[in-house]
Number of protein chains: 4
Amino acid sequence: MSRAPLRPRSAYRHWTPITTRWHDNDAYGHVNNTVYYGWFDTAVNAWLVEAGLLDIAAGEPIGLVVETGCRYAAPLAFPQPVELGLALARLGGSSVTYHLGVFATGAAQAAAEGHFTHVYVARDGRRPVALPEAWRARMQTLA
Amino acid sequence: MSRAPLRPRSAYRHWTPITTRWHDNDAYGHVNNTVYYGWFDTAVNAWLVEAGLLDIAAGEPIGLVVETGCRYAAPLAFPQPVELGLALARLGGSSVTYHLGVFATGAAQAAAEGHFTHVYVARDGRRPVALPEAWRARMQTLA
Amino acid sequence: MSRAPLRPRSAYRHWTPITTRWHDNDAYGHVNNTVYYGWFDTAVNAWLVEAGLLDIAAGEPIGLVVETGCRYAAPLAFPQPVELGLALARLGGSSVTYHLGVFATGAAQAAAEGHFTHVYVARDGRRPVALPEAWRARMQTLA
Amino acid sequence: MSRAPLRPRSAYRHWTPITTRWHDNDAYGHVNNTVYYGWFDTAVNAWLVEAGLLDIAAGEPIGLVVETGCRYAAPLAFPQPVELGLALARLGGSSVTYHLGVFATGAAQAAAEGHFTHVYVARDGRRPVALPEAWRARMQTLA
């Protein structure tokens, strides 16, 4: 387990507000660890849709998740809402890795942080493709 | 399948905004039918917490779900946010049934509607108990 | 809340074993009410795939859920496995309604029971279509 | 993204069979990345219960998740069942890290692999505690 402090709010370039749900909490009364990954998925894809890059139903290319990870520093519990910070960690030829931070809404300190890597593929056949230049340019604004 | 039209916005007394998530969508590209029930759970319990009635971790009594149902009239899909309408359908001695309506945020027509019945029990032993008068009075404000 | 006893095991024609998961349990320590609907979805679609009728990725037609409901009689909790009973309740021109029963594996009494209605539509455009005769014949074996 | 090959079946000491569910699949038609973490949670806690160590409702101590990660090598899709391999990666004074492997049932090659770290705390107050000797001895059998 890494003991490094979590990144501050200033490390993030985009914020996504997310409402929590009753069943985010598990048998120990706090948001279950798997739910944070659902928030990562949501923050990344919501940004891609808002940026005009991703058309979930029919667009090209699509991003497949190949690696994720998360460190949990403090518990969260419904009905506390959260906000997800998003930043670019690394831009490859056909892949992109994001930094993500989970904050109770308005909190100074992160409750958790993680990383999330998409590899881009063609919708049919799902073979890796180069990230289009428009996508790369827009992703760079998260650096 | 009932063909009756869904209740209008005016049928509801309280509204809960809920953000959708990437994985609310299922393999057919729309919010999965089970997710609506998670929204029902969330709207009911968020209202109970806001009303100062429910303390999830330690309060008395607690509500156990004994019956739910939902009719789906139109599809929804992430990233579309939704708002849940809540109203009192029936108040019994130890139980309460709510009407719930699912609307795309700002939409005039409901996408789905359902009902949700809690029976109140003691946290330890989980035997039915009479709803406290303070709870009944507050629930009546949703009628 | 209906007080009628739940259907016995003999009411069901097909059984689907399902393993429970840590996060099926919610903050009150039992399987959350929404999870049962995920089991209904799973039992119905697993049977359709096994029967050679449903090709999730590309087949025609596809079933959209238009109505569901569940009554909960006894709690369940991870790691207890369950088995889902399936039976035909009603076969319409383009719709089918199933009875579903949730049993702790091997239990004589149901923990919950529900109903689940699919309307069949074309994958593109999603307009209702008549259920193919091969589907109807196979569904009748669940009566 | 690490390009190292995934661990073989022989790296794991315990196996947990898990049935997939309809809504494990997401809008791209494969099991969503977050679901794998739910399987990790399930495999770890099912083993702890089977080993007689964990009493979810009332036992001491309880494990809180402080770090997880996963690499995804090949897609999976409902209704394909899976089996989770479990092995001890590191045993600390009050923490334990597991290796986890996700295999389509019977497959030679892993579809994904990850790690999962629990820190043990007292149920009340949730302060770290030393892992009891009986727990340590049993966890060592996974090495």
# chains A, B, ... in the order shown; residues from 1 in each chain; ligands from 1

$ interface_residues --of "chain B" --to "chain D" --cutoff "12 Å" --atoms "only C-alpha atoms" --output "list in words"
Arg21, Trp22, His23, Asp24, Asn25, Asp26, Ala27, Tyr28, Gly29, His30, Val31, Asn32, Asn33, Thr34, Val35, Ala57, Ala77, Phe78 and Asp124 of chain B

$ residues_around --residues "region 59-73 of chain A" --least-positions-apart "5" --cutoff "7 Å" --atoms "only C-alpha atoms" --output "MDAnalysis selection string"
(chainID A and resid 54 111:123) or (chainID D and resid 1 33 66:73)

$ residues_around --residues "Ala89 (chain D)" --least-positions-apart "6" --cutoff "6 Å" --atoms "only C-alpha atoms" --output "NGL selection string"
:D and (97-99)

$ select_by_dssp --residues "region 10-118 of chain A" --states "alpha helix (DSSP H)" --output "MDAnalysis selection string"
chainID A and resid 33:50

$ write_last_selection --atoms "N, CA and C atoms" --output "CSV table (one decimal), in the first residue's frame"
chain,number,residue,atom,x,y,z
A,33,ASN,N,-15.9,-0.2,-2.5
A,33,ASN,CA,-14.7,0.1,-3.4
A,33,ASN,C,-15.0,0.0,-4.8
A,34,THR,N,-15.9,-0.8,-5.3
A,34,THR,CA,-16.1,-1.0,-6.7
A,34,THR,C,-16.8,0.2,-7.3
A,35,VAL,N,-17.6,0.9,-6.5
A,35,VAL,CA,-18.4,2.1,-6.9
A,35,VAL,C,-17.5,3.2,-7.4
A,36,TYR,N,-16.3,3.4,-6.8
A,36,TYR,CA,-15.4,4.4,-7.3
A,36,TYR,C,-15.0,4.2,-8.7
A,37,TYR,N,-14.9,3.0,-9.1
A,37,TYR,CA,-14.5,2.7,-10.5
A,37,TYR,C,-15.7,3.1,-11.5
A,38,GLY,N,-16.9,2.9,-11.0
A,38,GLY,CA,-18.0,3.3,-11.8
A,38,GLY,C,-18.1,4.8,-11.9
A,39,TRP,N,-17.6,5.5,-10.9
A,39,TRP,CA,-17.5,7.0,-11.0
A,39,TRP,C,-16.4,7.4,-12.0
A,40,PHE,N,-15.3,6.6,-12.0
A,40,PHE,CA,-14.2,6.9,-13.0
A,40,PHE,C,-14.7,6.8,-14.4
A,41,ASP,N,-15.4,5.7,-14.7
A,41,ASP,CA,-16.0,5.4,-16.0
A,41,ASP,C,-16.9,6.5,-16.4
A,42,THR,N,-17.7,7.0,-15.4
A,42,THR,CA,-18.7,8.0,-15.6
A,42,THR,C,-18.0,9.4,-15.9
A,43,ALA,N,-17.0,9.7,-15.1
A,43,ALA,CA,-16.3,11.0,-15.3
A,43,ALA,C,-15.6,11.1,-16.7
A,44,VAL,N,-14.9,10.0,-17.0
A,44,VAL,CA,-14.2,10.0,-18.3
A,44,VAL,C,-15.1,10.1,-19.5
A,45,ASN,N,-16.2,9.2,-19.5
A,45,ASN,CA,-17.1,9.2,-20.6
A,45,ASN,C,-18.0,10.4,-20.7
A,46,ALA,N,-18.4,10.9,-19.5
A,46,ALA,CA,-19.2,12.2,-19.6
A,46,ALA,C,-18.3,13.3,-20.2
A,47,TRP,N,-17.0,13.4,-19.8
A,47,TRP,CA,-16.2,14.4,-20.4
A,47,TRP,C,-16.0,14.2,-21.9
A,48,LEU,N,-15.9,13.0,-22.3
A,48,LEU,CA,-15.7,12.7,-23.8
A,48,LEU,C,-17.0,13.1,-24.6
A,49,VAL,N,-18.1,12.8,-24.0
A,49,VAL,CA,-19.4,13.2,-24.6
A,49,VAL,C,-19.6,14.7,-24.7
A,50,GLU,N,-19.3,15.4,-23.5
A,50,GLU,CA,-19.4,16.8,-23.5
A,50,GLU,C,-18.5,17.5,-24.5

$ residues_around --residues "Gly85 (chain C)" --least-positions-apart "4" --cutoff "7 Å" --atoms "only C-alpha atoms" --output "PyMOL selection string"
chain C and resi 12-16+100-102

$ residues_around --residues "Pro81 (chain C)" --least-positions-apart "3" --cutoff "6 Å" --atoms "only C-alpha atoms" --output "ChimeraX atom specification"
/C:19-20,105

$ atom_distance --atom1 "CA of Ile56 (chain D)" --atom2 "CA of Ser95 (chain D)"
17.6 Å

$ atom_distance --atom1 "CA of Leu91 (chain A)" --atom2 "CA of Arg126 (chain A)"
19.6 Å

$ select_by_dssp --residues "region 4-126 of chain B" --states "strand (DSSP E or B)" --output "ChimeraX atom specification"
/B:14-18,25,31,62-72,82-91,95-104,112-121

$ write_last_selection --atoms "C-alpha atoms" --output "tab-separated table (two decimals), in the first residue's frame"
chain	number	residue	atom	x	y	z
B	14	HIS	CA	-40.80	16.06	-3.74
B	15	TRP	CA	-38.04	15.88	-6.36
B	16	THR	CA	-34.59	14.26	-6.17
B	17	PRO	CA	-32.02	15.00	-8.91
B	18	ILE	CA	-29.90	11.98	-9.85
B	25	ASN	CA	-26.66	1.56	-19.70
B	31	VAL	CA	-30.54	2.38	-18.77
B	62	ILE	CA	-35.47	0.97	9.77
B	63	GLY	CA	-37.56	0.31	6.68
B	64	LEU	CA	-37.35	-3.04	4.88
B	65	VAL	CA	-38.59	-3.25	1.31
B	66	VAL	CA	-41.47	-5.74	0.95
B	67	GLU	CA	-42.90	-4.87	-2.47
B	68	THR	CA	-41.87	-2.84	-5.51
B	69	GLY	CA	-42.97	-2.50	-9.09
B	70	CYS	CA	-42.24	-0.39	-12.17
B	71	ARG	CA	-43.74	0.36	-15.59
B	72	TYR	CA	-41.34	1.59	-18.28
B	82	VAL	CA	-32.95	12.37	-14.29
B	83	GLU	CA	-35.22	13.62	-11.52
B	84	LEU	CA	-37.30	11.38	-9.31
B	85	GLY	CA	-40.75	12.45	-8.18
B	86	LEU	CA	-41.97	11.16	-4.81
B	87	ALA	CA	-45.48	11.06	-3.36
B	88	LEU	CA	-47.31	9.20	-0.62
B	89	ALA	CA	-49.53	6.41	-1.91
B	90	ARG	CA	-50.64	4.76	1.35
B	91	LEU	CA	-49.73	5.06	5.00
B	95	SER	CA	-45.79	0.41	6.52
B	96	VAL	CA	-45.69	3.11	3.89
B	97	THR	CA	-46.10	2.92	0.12
B	98	TYR	CA	-44.73	5.63	-2.17
B	99	HIS	CA	-45.49	6.55	-5.75
B	100	LEU	CA	-42.32	7.26	-7.74
B	101	GLY	CA	-41.91	8.88	-11.13
B	102	VAL	CA	-38.79	8.93	-13.31
B	103	PHE	CA	-38.38	11.95	-15.58
B	104	ALA	CA	-35.50	13.01	-17.81
B	112	ALA	CA	-41.28	5.33	-15.94
B	113	GLU	CA	-43.29	5.11	-12.75
B	114	GLY	CA	-43.39	2.73	-9.85
B	115	HIS	CA	-44.36	1.96	-6.30
B	116	PHE	CA	-42.24	1.05	-3.30
B	117	THR	CA	-43.39	-0.30	0.09
B	118	HIS	CA	-41.34	-0.16	3.29
B	119	VAL	CA	-42.33	-2.09	6.42
B	120	TYR	CA	-40.78	-0.59	9.53
B	121	VAL	CA	-38.91	-2.87	11.93

$ residues_around --residues "Pro8 (chain B)" --least-positions-apart "5" --cutoff "9 Å" --atoms "only C-alpha atoms" --output "short mmCIF file (atom, residue, chain, number, x, y, z; two decimals) with N, CA and C atoms, in the first residue's frame"
data_model
loop_
_atom_site.label_atom_id
_atom_site.label_comp_id
_atom_site.auth_asym_id
_atom_site.auth_seq_id
_atom_site.Cartn_x
_atom_site.Cartn_y
_atom_site.Cartn_z
N GLY B 101 -41.91 8.59 -9.71
CA GLY B 101 -41.91 8.88 -11.13
C GLY B 101 -40.51 9.21 -11.59
N ALA B 108 -41.60 16.85 -19.56
CA ALA B 108 -43.00 16.93 -19.15
C ALA B 108 -43.58 15.54 -18.87
N GLN B 109 -43.14 14.56 -19.64
CA GLN B 109 -43.70 13.21 -19.54
C GLN B 109 -42.76 12.28 -18.78
N ALA B 110 -43.33 11.43 -17.95
CA ALA B 110 -42.53 10.44 -17.22
C ALA B 110 -41.99 9.38 -18.17
#
